[in-house]
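For reference, the structure discussed in these notes is given below.
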Amino acid sequence: MPSIDLGCLAFWRQNNQYRTLSTLRGHRDAILSLSFSLDSNFLAVVGLHGVSVYNLSSVPAGARVTTSHIPANPLDPKNLFTTSTWFFCENGNCHILITGTMSGDIHLWEWRSDNEAFETFAKVTATLNGAEDEVPDGQATALDVYESQIAEGRHGRIAASFDSRVVTVWSISIASKELTKIFRVVMEESFLPASVKFLGNLDLLVFKANGGIIRQLDQRTGATKRNDPVEGNFLAHVCVDEPQDAFVVWTGKSFDMYRLMDQQHLRAFRAGDRPSHVPKQVRFIEEGKLVLAGSESGSAVVYEVESGTQLQTLAYKSKHPVQIVAGTSTDEHHIVAIASGALAELNDVEVYYKQRPVLKAKNVIFCLDKDWTLSVKLSSLLYAIGLWMVVFLVITGLYTTLAVLIVNINTSAAGAWYHYDPPFSIGSLLQQLHVAAQDSGIADVDSVSTDGAARDELTLDSSAQVMAMDSSGYGGVAWDGITWDGITVDEIVRGVVVYYWPAVACRPPDCIALPAGETA
C-alpha cells in the first residue's frame, strides 16, 4: 500500500535546478582555480592568464573588478597563478584573496570598498635555493585557511603545499599585515602533496598525490602524528567536509568518497568518463548534501551524496573538458562555477545558481517557495479541515439548542394565538375582522373536541358565525351575513391559514403575536 508523505507536497513545481547566472569570458589560457569569497559576492578566476576577480552582486552579475597590476608575461612563473582561497577579517570588514603562483610566491590582496579595487595586503616570497639542506618551494599546489572568518583581535592561519614536497603554515596578523612562519616541513621523495586541510584542532592534513596516504601534522611543529593509508590514488584536489566526516577525490575511474575518520570507502560517483589520469576537481556543495564534479564530456555533473544519484548536468558552452569547479551558498541561493583547464585555449567560466528552498512555517498550509514551487502541507490541511468541522458542529449545535429554548419560552410565555398574514386580499379582510372582534369585546376562544381532534372556535358575534381550524394551523373559515365596509361575505373560504397555536417555532416572516393577556 503506497504511503502518503505528510510533509509539504508540491502540486505545482518549476524544476528547482541550477540555471545560468553569467558567462565570464576572456581567459586566454588554462584556468587552474576558482574560488568564492565568504559572502559569495566575488569569484576569483586564477590560471595561466593571471588573476581575474568578478563581482557577482553587480547588475548584470559578473562585472570585472580591478586587481593589483600583474605584468603580462606568460613565460615568467611569477605571473602564472595556480591556486586560490579567501578569508574575511571582521576588523576592517574586508575580504582578502590569497593566491599562489608557479614560482612559489603567495599573494594576499584586500578589497578596498573606497576604491572599489583589490590592493596588495601582504606577500610571501618563495623560499629559493639557500642552505644545502633547504629545499626551494617550487609551484604552489594547494592553499587552505584555518578560519574563513577571522574575528577582531585574532590571528589567522594559512597553509600551503608546493610541488617540491614542502608544506608551510603561517600565522597572519590582520592589524600589522604580517605573516609569521609557524613551521615548514619537507616530505620524503615519494610524498608529493596534492591537498592540505586544517582540522578543527589546528592540526593539518596532507593528502599524497598518486598514492592513498593521509598524513596528519602537529599544529605547532609540523611533526607527523599519523599516516593513514587509503585504497585509491589521489589524482587531483581533495575536497574535505569535516562536519560529515568525509572527503571526495578523483581517483582515475570515478569520484570516490571516503570516511575521514577510518578511510572507509563510502561511495563512487561515476560520470561515464573513461579511465583517465587527467585531474578533475570535485566539491561538496549545498552544505554537503550534493557534490559537483568535472567531466571530460564538456559538462559538470551534480550528484546527491546520500544515494549517489546523478541529479543534473551543467553544460560548458566551450565544449572543453571541465576540470575546475567551485561552489558556495548564501541565505537565498546556491551558486556554482565551472571552467576548463585546457592549455592555450579561450576558456570561459560558466556560473550557475538556484534558489535555496524556503523554510516553511510549522503550521503553514500553502507555501510558495522563491523558486515558484507551490506546495501544500497535508498534515496542516487535514488538521485545519478537522478543526473547522468541529467548530461548525459546535456552532450548529448551539444554534439548534438556542432555537429550541426560544420556542419553548415563547410557547409557554406568550400563551396566545399567532396571526399569519396570507399574501392575498382575503388576509387583509380577515385581519380587519379580527381587530373588530377584539375591539367589540365579544371575541371568545373555546377548545372543543370533534371526532377526537382538537379544534378551536372563534365566535365573532351572537349570530354564531364561526371560524374554526385545527392545531396544525390549517383549517377553514366560515361565516354568514357579515358586512364590513360595504362588503358582504356569504361564502366558505377554505385552505387559508389565519391563526395557529405554535407547537414549533413561529413561521417567519409574517408571524405576529397577539399582545400578552389578550385572546383572539
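Chain labels run A, B, ... following the order of the C-alpha cells; each chain numbers its residues from 1, and ligands are numbered from 1 in the order shown.
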Q: Identify, on the basis of only C-alpha atoms, every residue whose closest approach to A:His237 does not exceed 8 Å; exclude the query and any residue fewer than 6 positions from it along the same chain; express the result as an MDAnalysis selection string.
A: chainID A and resid 142 194:195 249:250 280:282
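For A:Thr330, the residues within 9 Å (counting only C-alpha atoms, excluding itself and residues fewer than 5 positions away along the chain) are A:Asp39, A:Ser40, A:Ile335, A:Arg356.
Atom CA of A:Thr125 is positioned 20.2 Å from atom CA of A:His155.
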(Q) Using only C-alpha atoms for the distances, tell me which of A:Glu286, A:Glu345, A:Glu110, A:Glu304 is nearest to A:Pro357. (A) A:Glu286
Shell around A:Lys177 at 12 Å using only C-alpha atoms, local window under 5 positions removed, as an mmCIF file with all heavy atoms, in the first residue's frame:
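out20.cif, written as the output of this step:
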data_model
loop_
_atom_site.group_PDB
_atom_site.id
_atom_site.type_symbol
_atom_site.label_atom_id
_atom_site.label_comp_id
_atom_site.auth_asym_id
_atom_site.auth_seq_id
_atom_site.Cartn_x
_atom_site.Cartn_y
_atom_site.Cartn_z
ATOM 1 N N CYS A 89 38.103 39.208 7.238
ATOM 2 C CA CYS A 89 38.503 39.705 8.547
ATOM 3 C C CYS A 89 37.472 40.716 9.037
ATOM 4 O O CYS A 89 37.136 41.683 8.333
ATOM 5 C CB CYS A 89 39.899 40.315 8.510
ATOM 6 S SG CYS A 89 40.164 41.593 7.297
ATOM 7 N N ASN A 91 37.810 42.743 11.522
ATOM 8 C CA ASN A 91 38.464 44.016 11.800
ATOM 9 C C ASN A 91 38.741 44.724 10.476
ATOM 10 O O ASN A 91 39.639 44.352 9.736
ATOM 11 C CB ASN A 91 39.779 43.787 12.556
ATOM 12 C CG ASN A 91 40.463 45.088 12.912
ATOM 13 O OD1 ASN A 91 39.844 46.147 12.928
ATOM 14 N ND2 ASN A 91 41.762 45.024 13.209
ATOM 15 N N ILE A 96 39.823 39.186 1.841
ATOM 16 C CA ILE A 96 41.217 39.025 1.453
ATOM 17 C C ILE A 96 41.327 37.790 0.566
ATOM 18 O O ILE A 96 40.911 36.688 0.946
ATOM 19 C CB ILE A 96 42.138 38.905 2.674
ATOM 20 C CG1 ILE A 96 42.117 40.224 3.460
ATOM 21 C CG2 ILE A 96 43.559 38.555 2.248
ATOM 22 C CD1 ILE A 96 43.019 40.242 4.667
ATOM 23 N N LEU A 108 48.581 38.156 -1.100
ATOM 24 C CA LEU A 108 47.349 38.461 -0.377
ATOM 25 C C LEU A 108 46.873 39.835 -0.824
ATOM 26 O O LEU A 108 47.612 40.826 -0.714
ATOM 27 C CB LEU A 108 47.565 38.448 1.137
ATOM 28 C CG LEU A 108 47.761 37.078 1.804
ATOM 29 C CD1 LEU A 108 49.213 36.617 1.680
ATOM 30 C CD2 LEU A 108 47.353 37.134 3.267
ATOM 31 N N TRP A 109 45.628 39.882 -1.343
ATOM 32 C CA TRP A 109 45.027 41.135 -1.781
ATOM 33 C C TRP A 109 43.778 41.388 -0.965
ATOM 34 O O TRP A 109 42.984 40.478 -0.705
ATOM 35 C CB TRP A 109 44.661 41.080 -3.266
ATOM 36 C CG TRP A 109 45.852 40.954 -4.176
ATOM 37 C CD1 TRP A 109 47.123 41.348 -3.921
ATOM 38 C CD2 TRP A 109 45.850 40.390 -5.483
ATOM 39 N NE1 TRP A 109 47.943 41.081 -4.986
ATOM 40 C CE2 TRP A 109 47.186 40.487 -5.972
ATOM 41 C CE3 TRP A 109 44.888 39.828 -6.299
ATOM 42 C CZ2 TRP A 109 47.554 40.037 -7.231
ATOM 43 C CZ3 TRP A 109 45.250 39.382 -7.561
ATOM 44 C CH2 TRP A 109 46.569 39.487 -8.025
ATOM 45 N N GLU A 110 43.577 42.641 -0.579
ATOM 46 C CA GLU A 110 42.377 43.003 0.178
ATOM 47 C C GLU A 110 41.460 43.878 -0.666
ATOM 48 O O GLU A 110 41.910 44.681 -1.488
ATOM 49 C CB GLU A 110 42.745 43.733 1.473
ATOM 50 C CG GLU A 110 43.381 45.096 1.280
ATOM 51 C CD GLU A 110 43.569 45.850 2.590
ATOM 52 O OE1 GLU A 110 42.679 45.741 3.459
ATOM 53 O OE2 GLU A 110 44.590 46.547 2.731
ATOM 54 N N THR A 120 47.227 45.276 -2.767
ATOM 55 C CA THR A 120 48.143 44.367 -2.082
ATOM 56 C C THR A 120 48.008 44.498 -0.568
ATOM 57 O O THR A 120 48.078 45.599 -0.008
ATOM 58 C CB THR A 120 49.590 44.641 -2.499
ATOM 59 O OG1 THR A 120 49.719 44.413 -3.908
ATOM 60 C CG2 THR A 120 50.539 43.726 -1.746
ATOM 61 N N PHE A 121 47.814 43.380 0.095
ATOM 62 C CA PHE A 121 47.736 43.323 1.557
ATOM 63 C C PHE A 121 49.059 42.822 2.141
ATOM 64 O O PHE A 121 49.590 43.384 3.093
ATOM 65 C CB PHE A 121 46.592 42.392 1.969
ATOM 66 C CG PHE A 121 46.408 42.249 3.452
ATOM 67 C CD1 PHE A 121 45.665 43.173 4.171
ATOM 68 C CD2 PHE A 121 46.982 41.187 4.139
ATOM 69 C CE1 PHE A 121 45.486 43.038 5.536
ATOM 70 C CE2 PHE A 121 46.814 41.041 5.506
ATOM 71 C CZ PHE A 121 46.072 41.973 6.214
ATOM 72 N N ALA A 122 49.587 41.768 1.572
ATOM 73 C CA ALA A 122 50.879 41.218 2.001
ATOM 74 C C ALA A 122 51.366 40.256 0.919
ATOM 75 O O ALA A 122 50.603 39.858 0.026
ATOM 76 C CB ALA A 122 50.750 40.502 3.344
ATOM 77 N N LYS A 123 52.629 39.895 1.035
ATOM 78 C CA LYS A 123 53.200 38.949 0.085
ATOM 79 C C LYS A 123 54.268 38.114 0.777
ATOM 80 O O LYS A 123 55.063 38.631 1.569
ATOM 81 C CB LYS A 123 53.818 39.677 -1.113
ATOM 82 C CG LYS A 123 54.476 38.761 -2.141
ATOM 83 C CD LYS A 123 55.111 39.543 -3.284
ATOM 84 C CE LYS A 123 55.813 38.625 -4.266
ATOM 85 N NZ LYS A 123 56.452 39.365 -5.387
ATOM 86 N N VAL A 124 54.248 36.805 0.485
ATOM 87 C CA VAL A 124 55.281 35.909 0.991
ATOM 88 C C VAL A 124 56.091 35.435 -0.205
ATOM 89 O O VAL A 124 55.571 34.748 -1.099
ATOM 90 C CB VAL A 124 54.674 34.698 1.727
ATOM 91 C CG1 VAL A 124 55.785 33.774 2.219
ATOM 92 C CG2 VAL A 124 53.808 35.162 2.890
ATOM 93 N N HIS A 155 44.394 36.104 15.253
ATOM 94 C CA HIS A 155 45.259 35.838 14.106
ATOM 95 C C HIS A 155 44.669 34.713 13.281
ATOM 96 O O HIS A 155 43.982 33.823 13.801
ATOM 97 C CB HIS A 155 46.658 35.457 14.570
ATOM 98 C CG HIS A 155 47.439 36.611 15.122
ATOM 99 N ND1 HIS A 155 48.797 36.601 15.275
ATOM 100 C CD2 HIS A 155 47.041 37.847 15.549
ATOM 101 C CE1 HIS A 155 49.206 37.750 15.780
ATOM 102 N NE2 HIS A 155 48.146 38.521 15.961
ATOM 103 N N GLY A 156 44.947 34.761 11.990
ATOM 104 C CA GLY A 156 44.530 33.691 11.103
ATOM 105 C C GLY A 156 45.682 32.739 10.828
ATOM 106 O O GLY A 156 46.827 32.984 11.221
ATOM 107 N N SER A 171 51.133 32.153 10.443
ATOM 108 C CA SER A 171 50.152 32.907 11.216
ATOM 109 C C SER A 171 50.102 34.307 10.635
ATOM 110 O O SER A 171 51.150 34.891 10.317
ATOM 111 C CB SER A 171 50.551 32.961 12.693
ATOM 112 O OG SER A 171 49.708 33.836 13.407
ATOM 113 N N ILE A 172 48.899 34.847 10.488
ATOM 114 C CA ILE A 172 48.758 36.165 9.880
ATOM 115 C C ILE A 172 48.122 37.122 10.877
ATOM 116 O O ILE A 172 47.101 36.820 11.506
ATOM 117 C CB ILE A 172 47.928 36.099 8.580
ATOM 118 C CG1 ILE A 172 47.742 37.508 8.008
ATOM 119 C CG2 ILE A 172 46.583 35.418 8.804
ATOM 120 C CD1 ILE A 172 47.094 37.526 6.640
#
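Distances from A:Ser295, A:Asn115, A:Thr82, A:Thr224 to A:Gly252 were compared using only C-alpha atoms, and the smallest one belongs to A:Ser295.
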Need to verify the contact set: A:Thr101, 12 Å, only C-alpha atoms, exclusion of same-chain residues closer than 2 positions in sequence. Can you return it as a short mmCIF file (atom, residue, chain, number, x, y, z; two decimals) with C-alpha atoms, in the first residue's frame?
data_model
loop_
_atom_site.label_atom_id
_atom_site.label_comp_id
_atom_site.auth_asym_id
_atom_site.auth_seq_id
_atom_site.Cartn_x
_atom_site.Cartn_y
_atom_site.Cartn_z
CA LEU A 32 43.59 26.32 -12.65
CA SER A 33 41.47 27.55 -9.73
CA VAL A 46 43.09 32.01 -11.36
CA GLY A 47 45.27 30.46 -14.05
CA LEU A 48 47.97 30.87 -16.61
CA HIS A 49 46.28 34.07 -17.79
CA GLY A 50 46.77 35.66 -14.36
CA VAL A 51 44.02 36.57 -11.88
CA ILE A 70 50.36 41.83 -12.87
CA PRO A 74 53.25 34.14 -19.61
CA ASP A 76 57.52 34.22 -16.13
CA PRO A 77 56.37 31.74 -13.43
CA LYS A 78 55.73 34.68 -11.09
CA ASN A 79 52.83 35.69 -13.32
CA LEU A 80 51.29 32.22 -13.58
CA PHE A 81 48.81 31.54 -10.79
CA THR A 82 47.89 28.04 -9.74
CA THR A 83 45.67 28.11 -6.64
CA SER A 84 43.47 30.46 -4.58
CA ILE A 98 45.07 34.56 -1.27
CA THR A 99 46.77 33.23 -4.41
CA SER A 103 57.16 30.35 -8.73
CA GLY A 104 56.00 29.68 -5.14
CA ASP A 105 55.08 33.24 -4.17
CA ILE A 106 51.97 33.77 -2.01
CA HIS A 107 49.98 36.97 -2.66
CA LEU A 108 47.35 38.46 -0.38
CA LYS A 123 53.20 38.95 0.09
CA VAL A 124 55.28 35.91 0.99
CA THR A 125 58.21 35.44 -1.34
CA ALA A 126 59.07 31.89 -2.21
CA ASP A 137 59.32 25.96 -2.54
CA GLY A 138 58.52 25.38 -6.19
CA GLN A 139 54.99 25.67 -7.60
CA ALA A 140 52.17 26.21 -5.13
CA THR A 141 49.77 23.26 -5.43
CA ALA A 142 47.17 23.93 -2.70
CA LEU A 143 46.07 26.54 -0.14
CA ALA A 160 50.32 25.97 1.50
CA SER A 161 51.79 22.95 -0.25
CA PHE A 162 54.30 23.02 -3.08
CA ASP A 163 55.38 20.59 -5.77
#
Hey, what does DSSP flag as helix (DSSP H, G or I) within stretch 76-262 of chain A? Can you give it to me as a short mmCIF file (atom, residue, chain, number, x, y, z; two decimals) with all heavy atoms, in the first residue's frame?
data_model
loop_
_atom_site.label_atom_id
_atom_site.label_comp_id
_atom_site.auth_asym_id
_atom_site.auth_seq_id
_atom_site.Cartn_x
_atom_site.Cartn_y
_atom_site.Cartn_z
N PRO A 77 57.18 32.49 -14.40
CA PRO A 77 56.37 31.74 -13.43
C PRO A 77 55.74 32.61 -12.35
O PRO A 77 54.75 32.22 -11.75
CB PRO A 77 57.38 30.75 -12.82
CG PRO A 77 58.45 30.62 -13.85
CD PRO A 77 58.54 31.97 -14.50
N LYS A 78 56.31 33.79 -12.10
CA LYS A 78 55.73 34.68 -11.09
C LYS A 78 54.35 35.21 -11.51
O LYS A 78 53.59 35.66 -10.67
CB LYS A 78 56.68 35.85 -10.84
CG LYS A 78 57.99 35.46 -10.17
CD LYS A 78 58.85 36.67 -9.91
CE LYS A 78 60.15 36.29 -9.21
NZ LYS A 78 60.99 37.48 -8.94
N ASN A 79 54.09 35.16 -12.80
CA ASN A 79 52.83 35.69 -13.32
C ASN A 79 51.82 34.58 -13.63
O ASN A 79 50.75 34.87 -14.16
CB ASN A 79 53.08 36.50 -14.59
CG ASN A 79 54.04 37.65 -14.34
OD1 ASN A 79 54.10 38.18 -13.23
ND2 ASN A 79 54.79 38.04 -15.35
N GLU A 242 34.55 18.22 6.82
CA GLU A 242 34.79 17.71 8.17
C GLU A 242 33.50 17.50 8.96
O GLU A 242 33.39 16.52 9.70
CB GLU A 242 35.74 18.64 8.92
CG GLU A 242 36.23 18.05 10.23
CD GLU A 242 37.27 18.93 10.92
OE1 GLU A 242 37.56 20.02 10.40
OE2 GLU A 242 37.76 18.52 11.99
N PRO A 243 32.48 18.38 8.85
CA PRO A 243 31.25 18.15 9.62
C PRO A 243 30.61 16.80 9.35
O PRO A 243 30.04 16.19 10.25
CB PRO A 243 30.34 19.31 9.19
CG PRO A 243 31.28 20.40 8.82
CD PRO A 243 32.44 19.69 8.18
N GLN A 244 30.65 16.30 8.12
CA GLN A 244 30.08 14.99 7.85
C GLN A 244 31.15 13.91 7.74
O GLN A 244 30.87 12.80 7.29
CB GLN A 244 29.19 15.00 6.61
CG GLN A 244 29.89 15.25 5.30
CD GLN A 244 28.91 15.12 4.13
OE1 GLN A 244 27.77 14.71 4.30
NE2 GLN A 244 29.36 15.46 2.93
#
Residues near A:Tyr146, anyone? I mean within 8 Å using only C-alpha atoms, not counting same-chain ones fewer than 3 positions away, as a compact mmCIF listing (two decimals) with C-alpha atoms, in the first residue's frame.
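Output below, filename around05.txt:
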# COMPACT_ATOMS: atom_id res chain seq x y z
CA GLY A 156 44.53 33.69 11.10
CA ARG A 157 46.39 30.66 9.75
CA ILE A 158 47.33 29.86 6.18
CA PHE A 198 43.14 22.24 8.57
CA LEU A 199 41.31 20.22 11.18
CA GLY A 200 39.26 21.78 13.93
CA LEU A 202 44.57 23.21 14.15
Q: Apply DSSP to the structure's backbone, then extract all residues of stretch 31-106 of chain A labelled strand (DSSP E or B) and return them as number ranges by chain.
A: A: 31-36, 42-47, 50-55, 63-66, 81-89, 94-101, 106
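Of note, atom CA of A:Arg64 and atom CA of A:Ser52 are spaced 7.1 Å apart.
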Q | Who sits within 10 Å of A:Pro321, only C-alpha atoms, same chain under 2 positions skipped, as a list in words | A | Val278, Lys280, Gly294, Ser295, Glu296, Ser297, Gly298, Ser299, Ala300, Tyr316, Ser318, Lys319, Gln323, Ile324, Ala339, Ser340, Gly341 and Ala342 of chain A
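Taking only C-alpha atoms into account, A:Met257 lies nearest to A:Val305 out of the set A:Val206, A:Leu56, A:Leu387, A:Val305.
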